[in-house]
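Quick look at input10.pdb (PDB, C-alpha atoms):
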ATOM      1  CA  MET F   1       6.236  -4.859   5.636  1.00  0.00           C
ATOM      2  CA  ILE F   2       3.757  -6.421   3.211  1.00  0.00           C
ATOM      3  CA  GLU F   3       4.674  -9.770   1.787  1.00  0.00           C
ATOM      4  CA  SER F   4       4.088 -10.458  -1.876  1.00  0.00           C
ATOM      5  CA  ASP F   5       1.177 -12.798  -1.142  1.00  0.00           C
ATOM      6  CA  GLY F   6      -0.633 -10.263   1.050  1.00  0.00           C
ATOM      7  CA  THR F   7      -0.413 -12.426   4.202  1.00  0.00           C
ATOM      8  CA  THR F   8       0.484  -9.465   6.385  1.00  0.00           C
ATOM      9  CA  ASP F   9      -2.577  -7.572   5.156  1.00  0.00           C
ATOM     10  CA  GLN F  10      -4.720 -10.622   5.923  1.00  0.00           C
ATOM     11  CA  ASN F  11      -3.246 -10.922   9.417  1.00  0.00           C
ATOM     12  CA  VAL F  12      -3.862  -7.236  10.137  1.00  0.00           C
ATOM     13  CA  ALA F  13      -7.441  -7.529   8.847  1.00  0.00           C
ATOM     14  CA  ARG F  14      -8.008 -10.567  11.074  1.00  0.00           C
ATOM     15  CA  ILE F  15      -6.652  -8.706  14.117  1.00  0.00           C
ATOM     16  CA  ALA F  16      -8.993  -5.788  13.372  1.00  0.00           C
ATOM     17  CA  GLU F  17     -11.984  -8.114  13.008  1.00  0.00           C
ATOM     18  CA  ARG F  18     -11.170  -9.963  16.225  1.00  0.00           C
ATOM     19  CA  LEU F  19     -10.774  -6.710  18.171  1.00  0.00           C
ATOM     20  CA  LYS F  20     -14.108  -5.465  16.836  1.00  0.00           C
ATOM     21  CA  GLU F  21     -15.786  -8.648  18.074  1.00  0.00           C
ATOM     22  CA  ARG F  22     -14.027  -8.373  21.437  1.00  0.00           C
ATOM     23  CA  ILE F  23     -15.285  -4.829  21.938  1.00  0.00           C
ATOM     24  CA  TYR F  24     -18.863  -5.906  21.135  1.00  0.00           C
ATOM     25  CA  ALA F  25     -18.505  -8.724  23.623  1.00  0.00           C
ATOM     26  CA  GLU F  26     -17.069  -6.424  26.306  1.00  0.00           C
ATOM     27  CA  LEU F  27     -20.135  -4.206  26.001  1.00  0.00           C
ATOM     28  CA  ALA F  28     -22.489  -7.179  26.288  1.00  0.00           C
ATOM     29  CA  VAL F  29     -20.630  -8.562  29.313  1.00  0.00           C
ATOM     30  CA  ILE F  30     -20.637  -5.130  30.979  1.00  0.00           C
ATOM     31  CA  ALA F  31     -24.407  -4.989  30.567  1.00  0.00           C
ATOM     32  CA  VAL F  32     -24.926  -8.500  31.948  1.00  0.00           C
ATOM     33  CA  THR F  33     -22.570  -8.197  34.920  1.00  0.00           C
ATOM     34  CA  LEU F  34     -23.894  -4.772  35.841  1.00  0.00           C
ATOM     35  CA  GLY F  35     -27.458  -6.048  35.624  1.00  0.00           C
ATOM     36  CA  LEU F  36     -26.558  -8.922  37.936  1.00  0.00           C
ATOM     37  CA  ALA F  37     -24.761  -6.599  40.365  1.00  0.00           C
ATOM     38  CA  LEU F  38     -27.654  -4.148  40.476  1.00  0.00           C
ATOM     39  CA  SER F  39     -30.212  -6.902  41.039  1.00  0.00           C
ATOM     40  CA  GLY F  40     -28.253  -8.183  44.028  1.00  0.00           C
ATOM     41  CA  SER F  41     -30.250 -11.400  44.029  1.00  0.00           C
ATOM     42  CA  SER F  42     -27.993 -13.751  42.123  1.00  0.00           C
ATOM     43  CA  THR F  43     -25.830 -16.460  43.583  1.00  0.00           C
ATOM     44  CA  HIS F  44     -22.526 -17.656  42.155  1.00  0.00           C
ATOM     45  CA  LEU F  45     -23.706 -20.413  39.823  1.00  0.00           C
ATOM     46  CA  PRO F  46     -26.584 -18.442  38.253  1.00  0.00           C
ATOM     47  CA  ALA F  47     -24.292 -15.411  37.864  1.00  0.00           C
ATOM     48  CA  ALA F  48     -21.616 -17.507  36.150  1.00  0.00           C
ATOM     49  CA  LEU F  49     -24.208 -19.157  33.923  1.00  0.00           C
ATOM     50  CA  SER F  50     -25.664 -15.762  33.008  1.00  0.00           C
ATOM     51  CA  VAL F  51     -22.279 -14.404  31.963  1.00  0.00           C
ATOM     52  CA  LEU F  52     -21.394 -17.586  30.105  1.00  0.00           C
ATOM     53  CA  GLY F  53     -24.840 -17.780  28.516  1.00  0.00           C
ATOM     54  CA  ALA F  54     -24.690 -14.174  27.343  1.00  0.00           C
ATOM     55  CA  SER F  55     -21.278 -14.680  25.749  1.00  0.00           C
ATOM     56  CA  LEU F  56     -22.248 -18.002  24.225  1.00  0.00           C
ATOM     57  CA  GLY F  57     -25.550 -16.596  22.962  1.00  0.00           C
ATOM     58  CA  LEU F  58     -23.838 -13.589  21.406  1.00  0.00           C
ATOM     59  CA  TRP F  59     -21.230 -15.839  19.806  1.00  0.00           C
ATOM     60  CA  LEU F  60     -23.852 -18.209  18.370  1.00  0.00           C
ATOM     61  CA  ALA F  61     -25.962 -15.290  17.112  1.00  0.00           C
ATOM     62  CA  THR F  62     -22.894 -13.825  15.424  1.00  0.00           C
ATOM     63  CA  ILE F  63     -22.080 -17.158  13.798  1.00  0.00           C
ATOM     64  CA  ALA F  64     -25.652 -17.517  12.550  1.00  0.00           C
ATOM     65  CA  ALA F  65     -25.616 -13.969  11.183  1.00  0.00           C
ATOM     66  CA  GLU F  66     -22.236 -14.497   9.491  1.00  0.00           C
ATOM     67  CA  ILE F  67     -23.381 -17.749   7.879  1.00  0.00           C
ATOM     68  CA  GLN F  68     -26.650 -16.247   6.684  1.00  0.00           C
ATOM     69  CA  GLY F  69     -24.921 -13.094   5.455  1.00  0.00           C
ATOM     70  CA  HIS F  70     -22.410 -15.179   3.542  1.00  0.00           C
ATOM     71  CA  ARG F  71     -25.127 -17.294   1.942  1.00  0.00           C
ATOM     72  CA  PHE F  72     -27.033 -14.171   0.927  1.00  0.00           C
ATOM     73  CA  ALA F  73     -23.987 -12.299  -0.397  1.00  0.00           C
ATOM     74  CA  TYR F  74     -22.295 -15.193  -2.205  1.00  0.00           C
ATOM     75  CA  GLY F  75     -25.231 -17.486  -2.923  1.00  0.00           C
ATOM     76  CA  ARG F  76     -23.428 -20.485  -1.436  1.00  0.00           C
ATOM     77  CA  ARG F  77     -22.344 -22.041   1.840  1.00  0.00           C
ATOM     78  CA  MET F  78     -19.031 -21.203   3.442  1.00  0.00           C
ATOM     79  CA  ASN F  79     -16.180 -23.491   2.539  1.00  0.00           C
ATOM     80  CA  GLY F  80     -13.814 -24.883   5.173  1.00  0.00           C
ATOM     81  CA  VAL F  81     -11.349 -21.998   4.962  1.00  0.00           C
ATOM     82  CA  GLU F  82     -14.111 -19.394   5.257  1.00  0.00           C
ATOM     83  CA  LEU F  83     -15.721 -21.241   8.153  1.00  0.00           C
ATOM     84  CA  ARG F  84     -12.406 -21.504  10.046  1.00  0.00           C
ATOM     85  CA  HIS F  85     -11.749 -17.805   9.418  1.00  0.00           C
ATOM     86  CA  MET F  86     -15.200 -16.888  10.745  1.00  0.00           C
ATOM     87  CA  LEU F  87     -14.707 -19.030  13.863  1.00  0.00           C
ATOM     88  CA  ALA F  88     -11.279 -17.486  14.486  1.00  0.00           C
ATOM     89  CA  VAL F  89     -12.631 -13.967  14.089  1.00  0.00           C
ATOM     90  CA  THR F  90     -15.651 -14.511  16.344  1.00  0.00           C
ATOM     91  CA  SER F  91     -13.861 -16.433  19.114  1.00  0.00           C
ATOM     92  CA  PRO F  92     -13.097 -13.257  21.133  1.00  0.00           C
ATOM     93  CA  LEU F  93     -16.811 -13.078  21.867  1.00  0.00           C
ATOM     94  CA  MET F  94     -16.264 -15.937  24.295  1.00  0.00           C
ATOM     95  CA  THR F  95     -13.035 -14.605  25.785  1.00  0.00           C
ATOM     96  CA  ALA F  96     -14.821 -11.535  27.142  1.00  0.00           C
ATOM     97  CA  ALA F  97     -16.493 -13.820  29.696  1.00  0.00           C
ATOM     98  CA  VAL F  98     -13.202 -15.044  31.153  1.00  0.00           C
ATOM     99  CA  GLY F  99     -12.522 -12.073  33.460  1.00  0.00           C
ATOM    100  CA  PRO F 100     -15.975 -12.004  35.037  1.00  0.00           C
ATOM    101  CA  LEU F 101     -15.973 -15.786  35.433  1.00  0.00           C
ATOM    102  CA  VAL F 102     -12.605 -15.673  37.219  1.00  0.00           C
ATOM    103  CA  LEU F 103     -13.851 -12.953  39.568  1.00  0.00           C
ATOM    104  CA  ILE F 104     -17.060 -14.903  40.244  1.00  0.00           C
ATOM    105  CA  LEU F 105     -14.938 -17.985  40.997  1.00  0.00           C
ATOM    106  CA  PHE F 106     -12.750 -16.049  43.458  1.00  0.00           C
ATOM    107  CA  SER F 107     -15.919 -14.755  45.054  1.00  0.00           C
ATOM    108  CA  ALA F 108     -17.265 -18.299  45.380  1.00  0.00           C
ATOM    109  CA  PHE F 109     -14.121 -19.188  47.347  1.00  0.00           C
ATOM    110  CA  GLY F 110     -14.732 -16.260  49.697  1.00  0.00           C
ATOM    111  CA  ALA F 111     -12.188 -13.750  48.401  1.00  0.00           C
ATOM    112  CA  PHE F 112     -14.891 -11.077  48.220  1.00  0.00           C
ATOM    113  CA  SER F 113     -18.647 -10.786  47.813  1.00  0.00           C
ATOM    114  CA  LEU F 114     -20.398 -11.685  44.581  1.00  0.00           C
ATOM    115  CA  THR F 115     -21.614  -8.112  44.217  1.00  0.00           C
ATOM    116  CA  ALA F 116     -18.031  -6.858  44.532  1.00  0.00           C
ATOM    117  CA  ALA F 117     -16.934  -9.410  41.916  1.00  0.00           C
ATOM    118  CA  LEU F 118     -19.636  -8.258  39.512  1.00  0.00           C
ATOM    119  CA  TYR F 119     -18.901  -4.538  40.013  1.00  0.00           C
ATOM    120  CA  GLY F 120     -15.185  -5.336  39.722  1.00  0.00           C
ATOM    121  CA  SER F 121     -15.880  -7.075  36.441  1.00  0.00           C
ATOM    122  CA  VAL F 122     -17.715  -4.007  35.156  1.00  0.00           C
ATOM    123  CA  ALA F 123     -14.745  -1.832  36.149  1.00  0.00           C
ATOM    124  CA  VAL F 124     -12.186  -4.170  34.565  1.00  0.00           C
ATOM    125  CA  ASP F 125     -14.152  -4.543  31.330  1.00  0.00           C
ATOM    126  CA  THR F 126     -14.724  -0.799  31.114  1.00  0.00           C
ATOM    127  CA  ALA F 127     -11.010  -0.161  31.711  1.00  0.00           C
ATOM    128  CA  THR F 128     -10.242  -2.730  29.020  1.00  0.00           C
ATOM    129  CA  MET F 129     -12.356  -0.705  26.594  1.00  0.00           C
ATOM    130  CA  PHE F 130     -10.166   2.316  27.371  1.00  0.00           C
ATOM    131  CA  ILE F 131      -6.979   0.292  26.891  1.00  0.00           C
ATOM    132  CA  TRP F 132      -8.123  -1.011  23.472  1.00  0.00           C
ATOM    133  CA  GLY F 133      -8.859   2.556  22.334  1.00  0.00           C
ATOM    134  CA  TYR F 134      -5.562   3.875  23.678  1.00  0.00           C
ATOM    135  CA  ALA F 135      -3.593   1.006  22.113  1.00  0.00           C
ATOM    136  CA  ALA F 136      -5.332   1.561  18.773  1.00  0.00           C
ATOM    137  CA  GLY F 137      -4.309   5.218  18.879  1.00  0.00           C
ATOM    138  CA  ARG F 138      -0.696   4.336  19.640  1.00  0.00           C
ATOM    139  CA  ARG F 139      -0.719   1.674  16.909  1.00  0.00           C
ATOM    140  CA  MET F 140      -1.749   4.408  14.461  1.00  0.00           C
ATOM    141  CA  GLN F 141       1.200   6.426  15.745  1.00  0.00           C
ATOM    142  CA  ALA F 142      -1.131   9.074  17.131  1.00  0.00           C
ATOM    143  CA  SER F 143       0.114  11.332  19.872  1.00  0.00           C
ATOM    144  CA  VAL F 144      -0.362  10.256  23.461  1.00  0.00           C
ATOM    145  CA  LEU F 145      -3.115  12.861  23.817  1.00  0.00           C
ATOM    146  CA  MET F 146      -5.007  11.578  20.760  1.00  0.00           C
ATOM    147  CA  SER F 147      -4.528   8.004  21.936  1.00  0.00           C
ATOM    148  CA  ILE F 148      -5.977   8.926  25.319  1.00  0.00           C
ATOM    149  CA  LEU F 149      -8.883  10.596  23.516  1.00  0.00           C
ATOM    150  CA  SER F 150      -9.460   7.375  21.563  1.00  0.00           C
ATOM    151  CA  GLY F 151      -9.501   5.466  24.843  1.00  0.00           C
ATOM    152  CA  VAL F 152     -11.891   7.989  26.377  1.00  0.00           C
ATOM    153  CA  VAL F 153     -14.285   7.548  23.432  1.00  0.00           C
ATOM    154  CA  ASN F 154     -14.351   3.794  24.143  1.00  0.00           C
ATOM    155  CA  LEU F 155     -14.769   4.550  27.828  1.00  0.00           C
ATOM    156  CA  LEU F 156     -17.734   6.788  27.028  1.00  0.00           C
ATOM    157  CA  ILE F 157     -19.340   4.030  24.961  1.00  0.00           C
ATOM    158  CA  GLY F 158     -18.968   1.649  27.907  1.00  0.00           C
ATOM    159  CA  GLY F 159     -20.270   4.422  30.153  1.00  0.00           C
ATOM    160  CA  ILE F 160     -23.402   4.742  28.022  1.00  0.00           C
ATOM    161  CA  VAL F 161     -24.111   1.044  28.554  1.00  0.00           C
ATOM    162  CA  ILE F 162     -23.619   1.537  32.288  1.00  0.00           C
ATOM    163  CA  VAL F 163     -25.889   4.591  32.436  1.00  0.00           C
ATOM    164  CA  VAL F 164     -28.622   2.821  30.472  1.00  0.00           C
ATOM    165  CA  LYS F 165     -28.469  -0.190  32.810  1.00  0.00           C
ATOM    166  CA  VAL F 166     -28.499   1.988  35.943  1.00  0.00           C
ATOM    167  CA  ALA F 167     -31.276   4.236  34.634  1.00  0.00           C
ATOM    168  CA  GLY F 168     -33.285   1.137  33.684  1.00  0.00           C
ATOM    169  CA  GLY F 169     -33.095  -0.095  37.235  1.00  0.00           C
ATOM    170  CA  HIS F 170     -31.246  -3.313  36.422  1.00  0.00           C
TER     171      HIS F 170
END

Mind turning the file's structure into structure tokens?
Amino acid sequence: MIESDGTTDQNVARIAERLKERIYAELAVIAVTLGLALSGSSTHLPAALSVLGASLGLWLATIAAEIQGHRFAYGRRMNGVELRHMLAVTSPLMTAAVGPLVLILFSAFGAFSLTAALYGSVAVDTATMFIWGYAAGRRMQASVLMSILSGVVNLLIGGIVIVVKVAGGH
């Protein structure tokens, strides 16, 4: 139900923006973790720093692009409300690193090999892409079949990243 001040519309728009950023971040993290797994030469700390650095770099690049885009479009700097909104929307870029970092940490404590942690991270992040697509389909009240198709499209996008990384040799 939409409130008279449009707050519900704003909340839905913010959720959509945050999910979009999360999906971008998932793709970047898939590429980084798969590259690390395929190289087989990384140790725990460099692997963790690579994942964290990729997420942080993507987040900072997004912030810079948002700020510059805003300045260009509006001819002024962002005010406090706009800046907080932008930070809230882009924060999922950092959360995509959490899963791989947890798996790398478990690996560091001997639960499994680093390579297994990195491949596991790729699998989890790719599965997450499917879940986001499926959930979006269900949210739109699509049939289960169409929701699965939506998830498969996301899965294929993640798969393209994987194929490119494997075909590139890292």

inquiry  = For a cutoff of 8 Å around the file-coordinate point (-18.0, -5.1, 30.8), which residues qualify once you count all atoms listed in the file? I'd like the result as a VMD selection string.
reply    = chain F and resid 26 to 34 121 to 126 158

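In terms of minimum interatomic distance to Gly133 (chain F), F:Ile23 ranks closest within F:Leu49, F:Met78, F:Ile23, F:Ile15, counting all atoms listed in the file.
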
ask   = What do you get, as a ChimeraX atom specification, if you spell out every residue that the PyMOL selection byres ((chain F and resi 53) around 12) selects here?
value = /F:28-29,32-33,45-52,54-61,93-94,96-97,101

query = Expressed in Å to a single decimal, how great is the separation between CA of Ser150 (chain F) and CA of Arg138 (chain F)?
reply =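 Those two atoms sit 9.5 Å apart.
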
key: All residues 7 Å or closer to Pro92 (chain F), all atoms listed in the file, same chain fewer than 4 positions away omitted, as a list in words   =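 So the residues in contact are Arg18, Glu21, Arg22 and Ala96 of chain F.
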
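Of the residues listed (F:Gln141, F:Ile63, F:Met146, F:Ala37), F:Ile63 shows the shortest atom-to-atom separation from Val89 (chain F); distances use only C-alpha atoms.
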
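As for CA of Leu19 (chain F) and CA of Gly137 (chain F), they are spaced 13.6 Å apart.
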
Once 3 Å is added on each side, what centre and edge lengths in Å to one decimal does the axis-aligned box around all listed atoms of region 78-90 of chain F have, as AutoDock Vina command-line options?
--center_x -15.2 --center_y -19.4 --center_z 9.4 --size_x 13.8 --size_y 16.9 --size_z 19.8

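We find CA of Val161 (chain F) and CA of Thr128 (chain F) to be spaced 14.4 Å apart.
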